[in-house]
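A.B. asks: Input input.txt, format and content: compact mmCIF, C-alpha atoms.
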```txt
# COMPACT_ATOMS: atom_id res chain seq x y z
CA MET A 1118 3.65 21.40 7.40
CA LEU A 1119 4.60 25.06 6.91
CA GLU A 1120 4.37 25.69 10.64
CA THR A 1121 6.60 22.67 11.27
CA LEU A 1122 9.23 23.98 8.84
CA LYS A 1123 9.09 27.43 10.46
CA ASN A 1124 9.67 25.96 13.92
CA ALA A 1125 12.43 23.69 12.60
CA PHE A 1126 14.43 26.59 11.13
CA ARG A 1127 14.32 28.39 14.47
CA ASN A 1128 16.45 25.64 16.00
CA LYS A 1129 20.13 25.85 15.01
CA GLU A 1130 20.85 22.10 15.06
CA ILE A 1131 17.74 21.16 13.09
CA ARG A 1132 18.44 23.98 10.62
CA LYS A 1133 21.92 22.53 9.98
CA LYS A 1134 20.42 19.09 9.37
CA ILE A 1135 17.90 20.52 6.90
CA LEU A 1136 20.61 22.43 5.03
CA MET A 1137 22.80 19.30 4.93
CA THR A 1138 19.85 17.34 3.52
CA LEU A 1139 19.25 19.98 0.83
CA LEU A 1140 22.97 20.04 -0.07
CA LEU A 1141 23.17 16.26 -0.53
CA LEU A 1142 19.94 16.26 -2.55
CA LEU A 1143 21.43 19.00 -4.75
CA VAL A 1144 24.48 16.78 -5.37
CA PHE A 1145 22.11 13.98 -6.40
CA ARG A 1146 20.28 16.24 -8.86
CA LEU A 1147 23.58 17.45 -10.37
CA GLY A 1148 24.58 13.82 -10.96
CA CYS A 1149 21.32 13.30 -12.84
CA TYR A 1150 22.57 15.74 -15.51
CA ILE A 1151 26.13 14.44 -15.98
CA PRO A 1152 26.14 12.79 -19.45
CA VAL A 1153 27.86 9.48 -20.20
CA PRO A 1154 30.14 9.69 -23.29
CA GLY A 1155 29.27 7.32 -26.11
CA LEU A 1156 25.50 7.31 -25.55
CA ALA A 1157 23.00 8.57 -28.13
CA ARG A 1158 20.54 10.11 -25.69
CA GLN A 1159 17.54 10.47 -28.00
CA GLN A 1160 17.58 6.83 -29.16
CA PHE A 1161 18.12 5.67 -25.58
CA GLU A 1162 15.23 7.82 -24.35
CA THR A 1163 12.92 6.43 -27.04
CA ALA A 1164 13.85 2.87 -26.07
CA ILE A 1165 13.26 3.49 -22.35
CA ASN A 1166 9.91 5.21 -22.90
CA GLY A 1167 8.75 2.14 -24.85
CA ASN A 1168 8.73 0.05 -21.65
CA ASP A 1169 6.16 0.78 -18.92
CA PHE A 1170 8.27 -0.48 -16.03
CA LEU A 1171 11.45 1.29 -17.14
CA GLN A 1172 9.43 4.46 -17.67
CA LEU A 1173 8.27 4.16 -14.06
CA MET A 1174 11.86 3.68 -12.91
CA SER A 1175 12.91 6.69 -15.00
CA GLY A 1176 10.32 8.82 -13.21
CA ILE A 1177 11.72 7.75 -9.84
CA THR A 1178 15.27 8.71 -10.93
CA GLY A 1179 14.19 12.17 -12.06
CA SER A 1180 14.40 11.20 -15.79
CA ALA A 1181 18.06 10.25 -15.34
CA LEU A 1182 17.40 6.77 -16.76
CA ALA A 1183 15.72 8.10 -19.90
CA ASN A 1184 18.58 10.57 -20.39
CA GLY A 1185 21.22 7.88 -19.75
CA THR A 1186 23.18 10.07 -17.33
CA LEU A 1187 25.55 9.08 -14.50
CA PHE A 1188 22.76 8.34 -12.01
CA ALA A 1189 20.62 6.48 -14.56
CA LEU A 1190 19.98 3.53 -12.22
CA GLY A 1191 19.31 5.86 -9.31
CA ILE A 1192 18.43 4.21 -6.03
CA GLY A 1193 16.60 1.31 -7.71
CA PRO A 1194 19.24 -1.39 -7.09
CA TYR A 1195 19.43 -0.48 -3.39
CA ILE A 1196 15.64 -0.64 -3.04
CA ASN A 1197 15.52 -4.03 -4.73
CA ALA A 1198 18.38 -5.28 -2.56
CA SER A 1199 16.61 -4.10 0.59
CA ILE A 1200 13.42 -5.89 -0.46
CA ILE A 1201 15.34 -9.10 -1.22
CA VAL A 1202 17.14 -9.00 2.13
CA GLN A 1203 13.86 -8.29 3.93
CA LEU A 1204 12.20 -11.29 2.27
CA LEU A 1205 15.22 -13.53 2.92
CA THR A 1206 15.20 -12.48 6.59
CA VAL A 1207 11.77 -14.07 6.90
CA GLY A 1208 12.81 -17.31 5.18
CA ILE A 1209 16.44 -17.82 6.29
CA PRO A 1210 16.94 -18.44 10.04
CA ALA A 1211 20.54 -17.12 10.03
CA LEU A 1212 19.43 -13.71 8.71
CA GLU A 1213 16.49 -13.68 11.12
CA ARG A 1214 18.89 -14.19 14.02
CA LEU A 1215 21.09 -11.36 12.71
CA SER A 1216 18.11 -9.00 12.60
CA LYS A 1217 17.51 -9.65 16.31
CA GLN A 1218 21.13 -9.06 17.41
CA GLY A 1219 20.80 -5.31 17.87
CA GLU A 1220 23.15 -2.75 16.33
CA GLU A 1221 25.84 -5.27 15.34
CA GLY A 1222 23.31 -7.45 13.52
CA ARG A 1223 21.88 -4.46 11.66
CA LYS A 1224 25.37 -3.44 10.52
CA ARG A 1225 26.02 -6.90 9.08
CA ILE A 1226 22.66 -6.90 7.32
CA SER A 1227 23.47 -3.43 5.91
CA ASN A 1228 26.76 -4.77 4.52
CA ILE A 1229 24.93 -7.70 2.90
CA THR A 1230 22.44 -5.24 1.40
CA ARG A 1231 25.28 -3.14 -0.07
CA ILE A 1232 26.88 -6.21 -1.68
CA ILE A 1233 23.57 -7.28 -3.22
CA THR A 1234 23.07 -3.67 -4.41
CA ILE A 1235 26.34 -3.77 -6.37
CA ILE A 1236 25.44 -7.14 -7.91
CA LEU A 1237 21.97 -5.91 -8.92
CA ALA A 1238 23.43 -2.67 -10.32
CA ILE A 1239 25.77 -4.69 -12.56
CA VAL A 1240 22.94 -6.97 -13.70
CA GLN A 1241 20.60 -4.05 -14.42
CA SER A 1242 23.32 -2.13 -16.28
CA VAL A 1243 24.10 -5.09 -18.50
CA GLY A 1244 20.40 -5.77 -19.09
CA ILE A 1245 19.62 -2.19 -20.10
CA ILE A 1246 22.66 -1.88 -22.37
CA VAL A 1247 22.08 -5.24 -24.10
CA LEU A 1248 18.33 -4.78 -24.36
CA PHE A 1249 18.23 -1.24 -25.70
CA GLY A 1250 21.73 -0.11 -26.60
CA ASN A 1251 22.49 -2.74 -29.24
CA GLN A 1252 18.96 -3.10 -30.65
CA GLN A 1253 18.15 0.60 -30.83
CA GLY A 1254 21.60 1.82 -31.88
CA ALA A 1255 21.94 3.97 -28.79
CA ILE A 1256 25.68 3.25 -28.33
CA ARG A 1257 28.07 5.26 -30.48
CA THR A 1258 30.80 2.73 -31.15
CA PRO A 1259 33.16 5.12 -33.05
CA LEU A 1260 33.96 6.74 -29.70
CA PHE A 1261 35.37 3.40 -28.52
CA GLY A 1262 37.77 2.68 -31.38
CA SER A 1263 35.60 0.66 -33.76
CA ASN A 1264 38.12 1.28 -36.56
CA GLN A 1265 40.91 -0.44 -34.61
CA ILE A 1266 39.11 -3.29 -32.82
CA GLY A 1267 36.05 -3.78 -35.01
CA GLU A 1268 32.36 -3.04 -34.44
CA THR A 1269 31.76 -6.05 -32.17
CA GLY A 1270 34.83 -5.31 -30.06
CA ALA A 1271 33.81 -1.68 -29.73
CA LEU A 1272 30.36 -2.71 -28.51
CA TRP A 1273 31.96 -4.93 -25.85
CA VAL A 1274 34.26 -2.11 -24.71
CA ALA A 1275 31.36 0.36 -24.63
CA GLY A 1276 29.18 -2.09 -22.71
CA ILE A 1277 31.84 -2.79 -20.07
CA TYR A 1278 32.59 0.92 -19.73
CA MET A 1279 28.93 1.89 -19.29
CA THR A 1280 28.34 -0.98 -16.85
CA ILE A 1281 31.17 0.33 -14.66
CA VAL A 1282 29.90 3.92 -14.90
CA TYR A 1283 26.27 3.07 -14.09
CA THR A 1284 27.23 0.75 -11.24
CA ALA A 1285 29.47 3.45 -9.77
CA GLY A 1286 26.66 5.97 -10.12
CA SER A 1287 24.25 3.67 -8.27
CA CYS A 1288 26.81 3.23 -5.46
CA ILE A 1289 27.20 7.02 -5.18
CA VAL A 1290 23.43 7.47 -4.91
CA MET A 1291 23.32 4.77 -2.22
CA TRP A 1292 26.10 6.58 -0.32
CA LEU A 1293 24.25 9.91 -0.59
CA GLY A 1294 21.07 8.31 0.77
CA GLU A 1295 22.91 6.84 3.76
CA ARG A 1296 24.60 10.18 4.50
CA ILE A 1297 21.23 11.95 4.46
CA THR A 1298 19.89 9.40 6.94
CA ASP A 1299 22.95 9.82 9.20
CA TYR A 1300 23.45 13.60 9.07
CA GLY A 1301 20.18 15.00 7.71
CA VAL A 1302 16.47 14.73 8.45
CA GLY A 1303 14.39 11.71 7.50
CA ASN A 1304 15.11 8.63 5.46
CA GLY A 1305 17.64 9.49 2.76
CA ILE A 1306 16.52 6.79 0.33
CA SER A 1307 12.88 7.95 0.48
CA LEU A 1308 13.87 11.61 0.05
CA ILE A 1309 15.97 10.80 -3.04
CA ILE A 1310 12.98 9.04 -4.61
CA PHE A 1311 10.73 11.97 -3.61
CA VAL A 1312 13.04 14.54 -5.21
CA GLY A 1313 13.34 12.44 -8.36
CA ILE A 1314 9.58 12.24 -8.85
CA ILE A 1315 8.97 15.92 -8.07
CA SER A 1316 11.79 17.05 -10.39
CA THR A 1317 10.42 14.91 -13.24
CA GLY A 1318 7.00 16.55 -12.91
CA GLY A 1319 8.52 20.02 -12.52
CA MET A 1320 10.71 19.65 -15.63
CA THR A 1321 7.73 18.48 -17.72
CA ILE A 1322 5.66 21.51 -16.71
CA LEU A 1323 8.63 23.87 -17.20
CA LEU A 1324 9.35 22.52 -20.70
CA LYS A 1325 5.69 22.96 -21.62
CA LEU A 1326 5.91 26.64 -20.61
CA ILE A 1327 9.22 27.18 -22.42
CA GLU A 1328 7.94 25.62 -25.64
CA SER A 1329 4.79 27.77 -25.54
CA THR A 1330 4.28 30.42 -28.20
CA SER A 1331 2.25 33.61 -28.02
CA ALA A 1332 -0.69 31.73 -29.55
CA THR A 1333 -0.57 28.76 -27.17
CA ILE A 1334 0.59 30.34 -23.89
CA GLY A 1335 -2.97 30.95 -22.64
CA LYS A 1336 -4.11 27.41 -23.48
CA ASN A 1337 -1.02 25.91 -21.84
CA LEU A 1338 -1.47 27.96 -18.66
CA LEU A 1339 -5.10 26.79 -18.38
CA GLU A 1340 -4.00 23.16 -18.85
CA ILE A 1341 -1.31 23.52 -16.18
CA LEU A 1342 -3.82 25.15 -13.81
CA GLY A 1343 -6.28 22.31 -14.41
CA PHE A 1344 -3.52 19.77 -13.85
CA VAL A 1345 -2.58 21.41 -10.52
CA VAL A 1346 -6.22 21.42 -9.34
CA ILE A 1347 -6.70 17.73 -10.23
CA ALA A 1348 -3.36 16.82 -8.63
CA VAL A 1349 -4.27 18.63 -5.38
CA VAL A 1350 -7.62 16.79 -5.21
CA LEU A 1351 -5.90 13.43 -5.82
CA PHE A 1352 -3.25 14.22 -3.20
CA PHE A 1353 -5.98 15.11 -0.69
CA LEU A 1354 -7.83 11.82 -1.30
CA ILE A 1355 -4.62 9.78 -1.04
CA VAL A 1356 -3.62 11.54 2.20
CA PHE A 1357 -7.11 10.95 3.60
CA VAL A 1358 -6.87 7.19 2.96
CA ASP A 1359 -3.16 6.98 3.86
CA LEU A 1360 -3.81 8.39 7.35
CA ALA A 1361 -6.83 6.14 7.95
CA GLU A 1362 -6.27 3.31 10.41
CA ARG A 1363 -8.18 0.81 12.52
CA LYS A 1364 -7.40 1.11 16.23
CA ILE A 1365 -7.88 -2.08 18.22
CA PRO A 1366 -8.15 -1.31 21.97
CA VAL A 1367 -5.97 -3.37 24.32
CA GLN A 1368 -6.42 -3.38 28.09
CA TYR A 1369 -3.52 -4.26 30.40
CA ALA A 1370 -4.23 -5.82 33.80
CA LYS A 1371 -2.57 -4.52 36.97
CA GLN A 1372 0.53 -6.45 38.04
CA VAL A 1373 2.49 -6.21 41.29
CA ARG A 1374 6.24 -6.69 40.95
CA GLY A 1375 8.10 -6.26 44.21
CA THR A 1376 6.84 -3.10 45.81
CA LYS A 1377 5.63 -1.49 42.56
CA MET A 1378 2.42 -1.85 40.59
CA TYR A 1379 2.46 -1.96 36.79
CA GLY A 1380 -0.25 -2.01 34.12
CA GLY A 1381 -3.84 -1.07 34.57
CA GLN A 1382 -3.70 1.06 31.43
CA SER A 1383 -5.33 0.87 28.01
CA SER A 1384 -3.61 1.13 24.64
CA VAL A 1385 -4.42 0.56 20.97
CA ILE A 1386 -2.94 -1.42 18.07
CA PRO A 1387 -2.99 0.89 15.02
CA MET A 1388 -3.54 -0.98 11.74
CA LYS A 1389 -3.23 1.22 8.64
CA ILE A 1390 -5.30 0.59 5.52
CA THR A 1391 -2.24 1.21 3.33
CA GLY A 1392 0.22 -0.54 5.62
CA SER A 1393 2.06 -2.13 2.69
CA GLY A 1394 2.64 1.27 1.06
CA VAL A 1395 3.49 1.29 -2.65
CA MET A 1396 5.35 -2.04 -2.68
CA PRO A 1397 2.41 -4.05 -4.18
CA LEU A 1398 2.22 -1.56 -7.05
CA ILE A 1399 5.97 -1.68 -7.73
CA PHE A 1400 6.00 -5.50 -7.61
CA ALA A 1401 2.96 -5.73 -9.90
CA PHE A 1402 4.37 -3.35 -12.53
CA ALA A 1403 7.71 -5.18 -12.43
CA ILE A 1404 6.17 -8.65 -12.88
CA ILE A 1405 3.87 -7.65 -15.74
CA SER A 1406 6.78 -5.94 -17.58
CA PHE A 1407 9.30 -8.72 -16.95
CA PRO A 1408 8.15 -11.15 -19.72
CA SER A 1409 8.41 -8.43 -22.37
CA MET A 1410 11.95 -7.57 -21.27
CA ILE A 1411 13.06 -11.24 -21.36
CA MET A 1412 11.49 -11.92 -24.76
CA SER A 1413 13.12 -8.80 -26.21
CA LEU A 1414 16.56 -10.22 -25.34
CA VAL A 1415 15.99 -13.39 -27.42
CA PRO A 1416 15.58 -12.76 -31.18
CA ALA A 1417 13.86 -16.14 -31.65
CA TRP A 1418 11.03 -14.97 -29.37
CA SER A 1419 10.17 -11.90 -31.44
CA GLY A 1420 6.80 -13.40 -32.42
CA ALA A 1421 5.92 -14.14 -28.81
CA ASN A 1422 7.01 -10.63 -27.83
CA GLU A 1423 4.75 -9.14 -30.51
CA TRP A 1424 1.80 -11.26 -29.28
CA TRP A 1425 2.47 -10.17 -25.70
CA SER A 1426 2.68 -6.49 -26.72
CA GLN A 1427 -0.67 -6.73 -28.53
CA HIS A 1428 -2.61 -8.47 -25.77
CA PHE A 1429 -0.89 -6.98 -22.70
CA ALA A 1430 -0.32 -3.42 -23.87
CA SER A 1431 -0.86 -0.74 -21.27
CA GLY A 1432 -4.59 -0.05 -20.96
CA SER A 1433 -5.79 -3.30 -22.57
CA VAL A 1434 -8.37 -5.51 -20.85
CA TRP A 1435 -5.91 -8.32 -20.08
CA TYR A 1436 -3.35 -5.81 -18.82
CA VAL A 1437 -5.87 -4.29 -16.40
CA LEU A 1438 -7.11 -7.68 -15.14
CA VAL A 1439 -3.65 -9.19 -14.62
CA LEU A 1440 -2.31 -6.03 -12.99
CA ALA A 1441 -5.29 -5.89 -10.60
CA VAL A 1442 -4.80 -9.56 -9.62
CA LEU A 1443 -1.07 -9.01 -9.04
CA ILE A 1444 -1.76 -5.96 -6.86
CA PHE A 1445 -4.15 -8.01 -4.70
CA VAL A 1446 -1.69 -10.93 -4.44
CA PHE A 1447 1.26 -8.75 -3.44
CA ALA A 1448 -0.85 -6.65 -1.06
CA PHE A 1449 -1.78 -9.76 0.94
CA PHE A 1450 1.73 -11.20 0.63
CA TYR A 1451 3.42 -8.06 1.91
CA SER A 1452 0.82 -7.71 4.66
CA GLN A 1453 1.68 -11.20 5.95
CA ILE A 1454 5.36 -10.20 6.11
CA GLN A 1455 4.79 -6.92 7.94
CA PHE A 1456 2.13 -8.03 10.45
CA ASN A 1457 2.36 -11.35 12.31
CA PRO A 1458 -0.82 -11.91 14.38
CA GLU A 1459 0.75 -14.77 16.37
CA GLU A 1460 3.69 -12.66 17.53
CA VAL A 1461 1.48 -9.67 18.37
CA SER A 1462 -0.89 -11.93 20.33
CA LYS A 1463 2.02 -13.50 22.21
CA SER A 1464 3.47 -10.08 23.05
CA ILE A 1465 0.11 -8.83 24.37
CA GLN A 1466 -0.34 -11.94 26.53
CA GLN A 1467 3.20 -11.78 27.94
CA ASN A 1468 2.63 -8.18 29.04
CA GLY A 1469 -0.66 -9.02 30.76
CA GLY A 1470 -2.84 -7.47 28.10
CA PHE A 1471 -6.04 -8.58 26.40
CA ILE A 1472 -8.57 -7.40 23.85
CA GLN A 1473 -11.98 -6.94 25.44
CA GLY A 1474 -14.33 -9.78 24.52
CA ILE A 1475 -11.50 -11.92 23.07
CA ARG A 1476 -9.68 -14.64 25.00
CA PRO A 1477 -5.86 -14.35 25.09
CA GLY A 1478 -3.71 -16.68 22.99
CA LYS A 1479 -4.95 -18.31 19.79
CA PRO A 1480 -8.39 -16.60 19.75
CA THR A 1481 -6.65 -13.20 19.86
CA ALA A 1482 -4.33 -14.23 17.00
CA LEU A 1483 -7.31 -15.37 14.89
CA TYR A 1484 -9.18 -12.14 15.65
CA LEU A 1485 -6.17 -10.00 14.64
CA LYS A 1486 -5.69 -12.09 11.49
CA LYS A 1487 -9.33 -11.56 10.49
CA ILE A 1488 -9.11 -7.80 11.04
CA ASN A 1489 -5.81 -7.63 9.15
CA ASN A 1490 -7.28 -9.51 6.16
CA ARG A 1491 -10.26 -7.17 6.01
CA ILE A 1492 -8.08 -4.06 6.16
CA THR A 1493 -5.69 -5.50 3.56
CA LEU A 1494 -8.65 -6.15 1.25
CA PHE A 1495 -9.71 -2.50 1.41
CA GLY A 1496 -6.08 -1.44 0.99
CA ALA A 1497 -5.72 -3.63 -2.13
CA ILE A 1498 -8.91 -2.16 -3.61
CA PHE A 1499 -7.57 1.35 -2.93
CA LEU A 1500 -4.21 0.55 -4.58
CA THR A 1501 -5.98 -0.93 -7.61
CA LEU A 1502 -8.08 2.22 -7.99
CA VAL A 1503 -5.00 4.40 -7.61
CA ALA A 1504 -3.25 2.35 -10.31
CA PHE A 1505 -5.85 3.27 -12.95
CA ILE A 1506 -8.03 6.22 -11.91
CA PRO A 1507 -5.43 9.08 -11.90
CA SER A 1508 -4.29 8.41 -15.48
CA PHE A 1509 -7.96 8.04 -16.54
CA VAL A 1510 -8.90 11.35 -14.89
CA PHE A 1511 -5.93 13.20 -16.43
CA SER A 1512 -6.59 11.75 -19.90
CA LEU A 1513 -10.32 12.61 -19.64
CA ALA A 1514 -9.85 16.16 -18.32
CA LEU A 1515 -6.64 17.09 -20.14
CA PRO A 1516 -6.47 15.17 -23.44
CA ASN A 1517 -3.48 15.90 -25.71
CA SER A 1518 -1.97 18.17 -23.04
CA GLY A 1519 1.25 16.21 -22.54
CA LEU A 1520 0.69 16.34 -18.77
CA ILE A 1521 -0.91 12.90 -18.36
CA ASN A 1522 2.33 11.15 -17.36
CA VAL A 1523 3.79 13.93 -15.18
CA PHE A 1524 3.07 11.88 -12.05
CA SER A 1525 2.74 8.13 -12.28
CA THR A 1526 0.22 6.39 -10.04
CA THR A 1527 3.03 4.95 -7.96
CA GLY A 1528 4.69 8.35 -7.86
CA LEU A 1529 1.58 9.93 -6.34
CA LEU A 1530 1.61 7.46 -3.45
CA ILE A 1531 5.36 7.81 -2.92
CA VAL A 1532 5.19 11.62 -2.82
CA VAL A 1533 2.39 11.56 -0.24
CA SER A 1534 4.02 8.89 1.94
CA VAL A 1535 7.45 10.55 1.99
CA ALA A 1536 6.03 14.02 2.66
CA LEU A 1537 4.01 12.75 5.63
CA GLU A 1538 6.99 10.81 6.98
CA PHE A 1539 9.28 13.85 6.62
CA ASP A 1540 6.76 15.98 8.53
CA LYS A 1541 6.66 13.39 11.34
CA GLN A 1542 10.47 13.30 11.50
CA LEU A 1543 10.67 17.08 11.79
CA GLN A 1544 8.02 17.15 14.52
CA SER A 1545 9.85 14.48 16.52
CA GLN A 1546 13.15 16.37 16.15
CA ILE A 1547 11.51 19.63 17.34
CA MET A 1548 9.85 17.87 20.27
CA MET A 1549 13.12 16.21 21.31
CA LYS A 1550 15.05 19.51 21.19
CA ASN A 1551 12.36 21.32 23.18
CA TYR A 1552 12.34 18.50 25.74
CA LYS A 1553 16.12 18.74 26.17
CA GLY A 1554 15.89 22.51 26.54
CA PHE A 1555 13.24 22.12 29.23
CA LEU A 1556 15.46 19.72 31.19
CA LYS A 1557 18.34 22.21 31.09
```
Write out the structure in this file as structure tokens.

C.D. replies:
Amino acid sequence: MLETLKNAFRNKEIRKKILMTLLLLLVFRLGCYIPVPGLARQQFETAINGNDFLQLMSGITGSALANGTLFALGIGPYINASIIVQLLTVGIPALERLSKQGEEGRKRISNITRIITIILAIVQSVGIIVLFGNQQGAIRTPLFGSNQIGETGALWVAGIYMTIVYTAGSCIVMWLGERITDYGVGNGISLIIFVGIISTGGMTILLKLIESTSATIGKNLLEILGFVVIAVVLFFLIVFVDLAERKIPVQYAKQVRGTKMYGGQSSVIPMKITGSGVMPLIFAFAIISFPSMIMSLVPAWSGANEWWSQHFASGSVWYVLVLAVLIFVFAFFYSQIQFNPEEVSKSIQQNGGFIQGIRPGKPTALYLKKINNRITLFGAIFLTLVAFIPSFVFSLALPNSGLINVFSTTGLLIVVSVALEFDKQLQSQIMMKNYKGFLK
């Protein structure tokens, strides 16, 4: 990675792209510290930290959600919109045809994604404000003229104002991510999430050092050192599994077309163990937190919400079992969306290829489906272990250190995936520039 960065900075064009990426990421981090008038930050932070899923979303936004700043929603609405559009593309023939129409089709799908992003940003803003602002007293109504229009009217004005601000902030983050993708290096959306997670962990460690006294500085430094060692080991294990893949050899027969001969070569179909990435984890955490959020909105369901909080609290037996089942379900569901054995088999057969020992056509599709299910099973087991083991290891090795929640389980996977993808993007950019220079 360091060697790749060194080679990238030697090229003027790539260096400009890297600097542009850093500049846009700096703008994103500045927006995470712009306060929203009328918000009692401490009460809002307490309310957010009381919900597991919103705490996860706050970690992705670099603690902007917990602080209630301009970029509180972060890139979350855009990610959700992209997932919705991706799922609808599979189920709606019109969207599926658009996805196959080249650049023009992709532009139209991007516009649809932006519209859905704005709608989801409005819905999430209203939900957060109604759920936590009113119940926890996090909105300071005197700033919105409660003496003139009454307390209820002031709450409505404050809610509408904050909905507009948070929706605008989400649109700005979406715009920054697209600009990074167009003018920088790598996927802008992924890099924004990466920076948010890293900055959350960095700020937690920095605050622990700042709050240290002469009597506790040595103990805190040892805890931070132990945290770094454990984090490096976990990162190594995740990278080891993330790079693992099953390669299925494919042999292509020789074909004569006109006066030229094609084929006669061998290739492989790479199938990654963690092909679905972190999406099963995000879906599982969202689903298991959704009932609590809905019941909190309805005062008549307070008893049901209390029962749910007792039996499905984070770390309870039912919570672990349900979360593990959801991870398995979404891992297989997302795997079916990403990998279609029938289409892969048809493509291999049309190009004169075959898997040794397997007949072309339906037998090849069944063979690929069996291999995919086995790999997905191991991937689901790995994601389930990642969902629970890191927090268990941190709590066992560093109890009462305040460093247990620096990196969430999902955050660990995201950091590893984005870092590896960024390294691949830089290597491809360097290779392309060297290839052009050779041609000249």

A.B. asks: What is the atom CA of Val1349 of chain A to atom CA of Gly1301 of chain A distance in Å?

C.D. replies: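 Computing the Euclidean distance for atom CA of Val1349 of chain A and atom CA of Gly1301 of chain A yields 28.0 Å.
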
A.B. asks: Identify, on the basis of all atoms listed in the file, every residue whose closest approach to Val1356 of chain A does not exceed 9 Å; exclude the query and any residue fewer than 3 positions from it along the same chain; express the result as an MDAnalysis selection string.

C.D. replies: chainID A and resid 1351:1353 1359:1361 1530 1533:1534 1537

A.B. asks: Which residues are close to segment 1539-1549 of chain A, i.e. within 12 Å by only C-alpha atoms, leaving aside same-chain residues fewer than 2 positions away? Reply as an MDAnalysis selection string.

C.D. replies: chainID A and resid 1118:1132 1134:1135 1138 1298 1301:1308 1311 1531:1537 1551:1556

A.B. asks: Quick one: contact table of segment 1261-1359 of chain A to segment 1492-1500 of chain A, 12 Å max, nearest atom pair and distance in Å to one decimal per residue, counting all atoms listed in the file, chain and number order, as a Markdown table?

C.D. replies:
```
| residue | atom | partner | partner_atom | distance |
| --- | --- | --- | --- | --- |
| A:Leu1354 | CA | A:Phe1499 | CA | 10.6 |
| A:Ile1355 | CA | A:Phe1499 | CA | 9.1 |
| A:Phe1357 | CA | A:Phe1499 | CA | 11.6 |
| A:Val1358 | CA | A:Phe1499 | CA | 8.3 |
| A:Asp1359 | CA | A:Gly1496 | CA | 9.4 |
```

A.B. asks: Distance atom CA of Glu1538 of chain A-atom CA of Ile1201 of chain A, one decimal place?

C.D. replies: 23.1 Å

A.B. asks: Could you work out how far atom CA of Ile1281 of chain A lies from atom CA of Ile1404 of chain A, giving the answer in Å with one decimal?

C.D. replies: 26.6 Å

A.B. asks: So, counting all atoms listed in the file, which residue among A:Gln1427, A:Ser1452, A:Thr1333, A:Ser1464 is closest to Ile1386 of chain A?

C.D. replies: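 Of all the options, A:Ser1464 lies closest to Ile1386 of chain A.
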
A.B. asks: Rank nothing, just name the residue among A:Leu1215, A:Ala1348, A:Ala1238, A:Ile1200 nearest to Val1282 of chain A, using all atoms listed in the file.

C.D. replies: A:Ala1238

A.B. asks: With only C-alpha atoms as the basis for distance, which of A:Met1320, A:Val1395, A:Ala1370, A:Leu1237 is at the shortest distance from Ser1180 of chain A?

C.D. replies: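 Nearest candidate to Ser1180 of chain A out of A:Met1320, A:Val1395, A:Ala1370, A:Leu1237: A:Met1320.
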
A.B. asks: Between A:Pro1397, A:Gly1244, A:Pro1458, A:Gly1294, which one has atoms that come closest to Ala1441 of chain A, using all atoms listed in the file?

C.D. replies: A:Pro1397

A.B. asks: Between A:Arg1476, A:Ile1390, A:Phe1145, A:Phe1511, which residue has the minimum interatomic distance to Arg1296 of chain A, considering all atoms listed in the file?

C.D. replies: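 Using all atoms listed in the file, Arg1296 of chain A sits closest to A:Phe1145.
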
A.B. asks: Counting all atoms listed in the file, figure out which residue out of A:Leu1483, A:Met1388, A:Ile1472, A:Leu1398 gets nearest to Val1442 of chain A.

C.D. replies: A:Leu1398

A.B. asks: With 4 Å added on each side, what axis-aligned box encloses every listed atom of segment 1218-1227 of chain A? Give the centre and edge lengths in Å to one decimal, as lines of an AutoDock Vina configuration file.

C.D. replies:
```
center_x = 23.4
center_y = -5.9
center_z = 11.9
size_x = 13.2
size_y = 14.3
size_z = 20.0
```

A.B. asks: Excluding Gly1179 of chain A and any residue of its chain fewer than 5 positions from it, enumerate the residues within 10 Å of it, using all atoms listed in the file, and give them as a JSON list (two decimals) with C-alpha atoms, keeping the file's coordinate frame.

C.D. replies:
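What ended up in selection-v2.json:
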```json
[["chain", "number", "residue", "atom", "x", "y", "z"],
["A", 1145, "PHE", "CA", 22.11, 13.98, -6.40],
["A", 1146, "ARG", "CA", 20.28, 16.24, -8.86],
["A", 1149, "CYS", "CA", 21.32, 13.30, -12.84],
["A", 1150, "TYR", "CA", 22.57, 15.74, -15.51],
["A", 1174, "MET", "CA", 11.86, 3.68, -12.91],
["A", 1184, "ASN", "CA", 18.58, 10.57, -20.39],
["A", 1188, "PHE", "CA", 22.76, 8.34, -12.01],
["A", 1189, "ALA", "CA", 20.62, 6.48, -14.56],
["A", 1191, "GLY", "CA", 19.31, 5.86, -9.31],
["A", 1309, "ILE", "CA", 15.97, 10.80, -3.04],
["A", 1310, "ILE", "CA", 12.98, 9.04, -4.61],
["A", 1311, "PHE", "CA", 10.73, 11.97, -3.61],
["A", 1312, "VAL", "CA", 13.04, 14.54, -5.21],
["A", 1313, "GLY", "CA", 13.34, 12.44, -8.36],
["A", 1314, "ILE", "CA", 9.58, 12.24, -8.85],
["A", 1315, "ILE", "CA", 8.97, 15.92, -8.07],
["A", 1316, "SER", "CA", 11.79, 17.05, -10.39],
["A", 1317, "THR", "CA", 10.42, 14.91, -13.24],
["A", 1318, "GLY", "CA", 7.00, 16.55, -12.91],
["A", 1319, "GLY", "CA", 8.52, 20.02, -12.52],
["A", 1320, "MET", "CA", 10.71, 19.65, -15.63]]
```

A.B. asks: Got a sec: who's within 12 Å of Ser1242 of chain A, counting only C-alpha atoms, leaving out chain neighbours fewer than 4 positions off, as a ChimeraX atom specification?

C.D. replies: /A:1182,1185,1187-1191,1193-1194,1234-1238,1246-1250,1275-1287
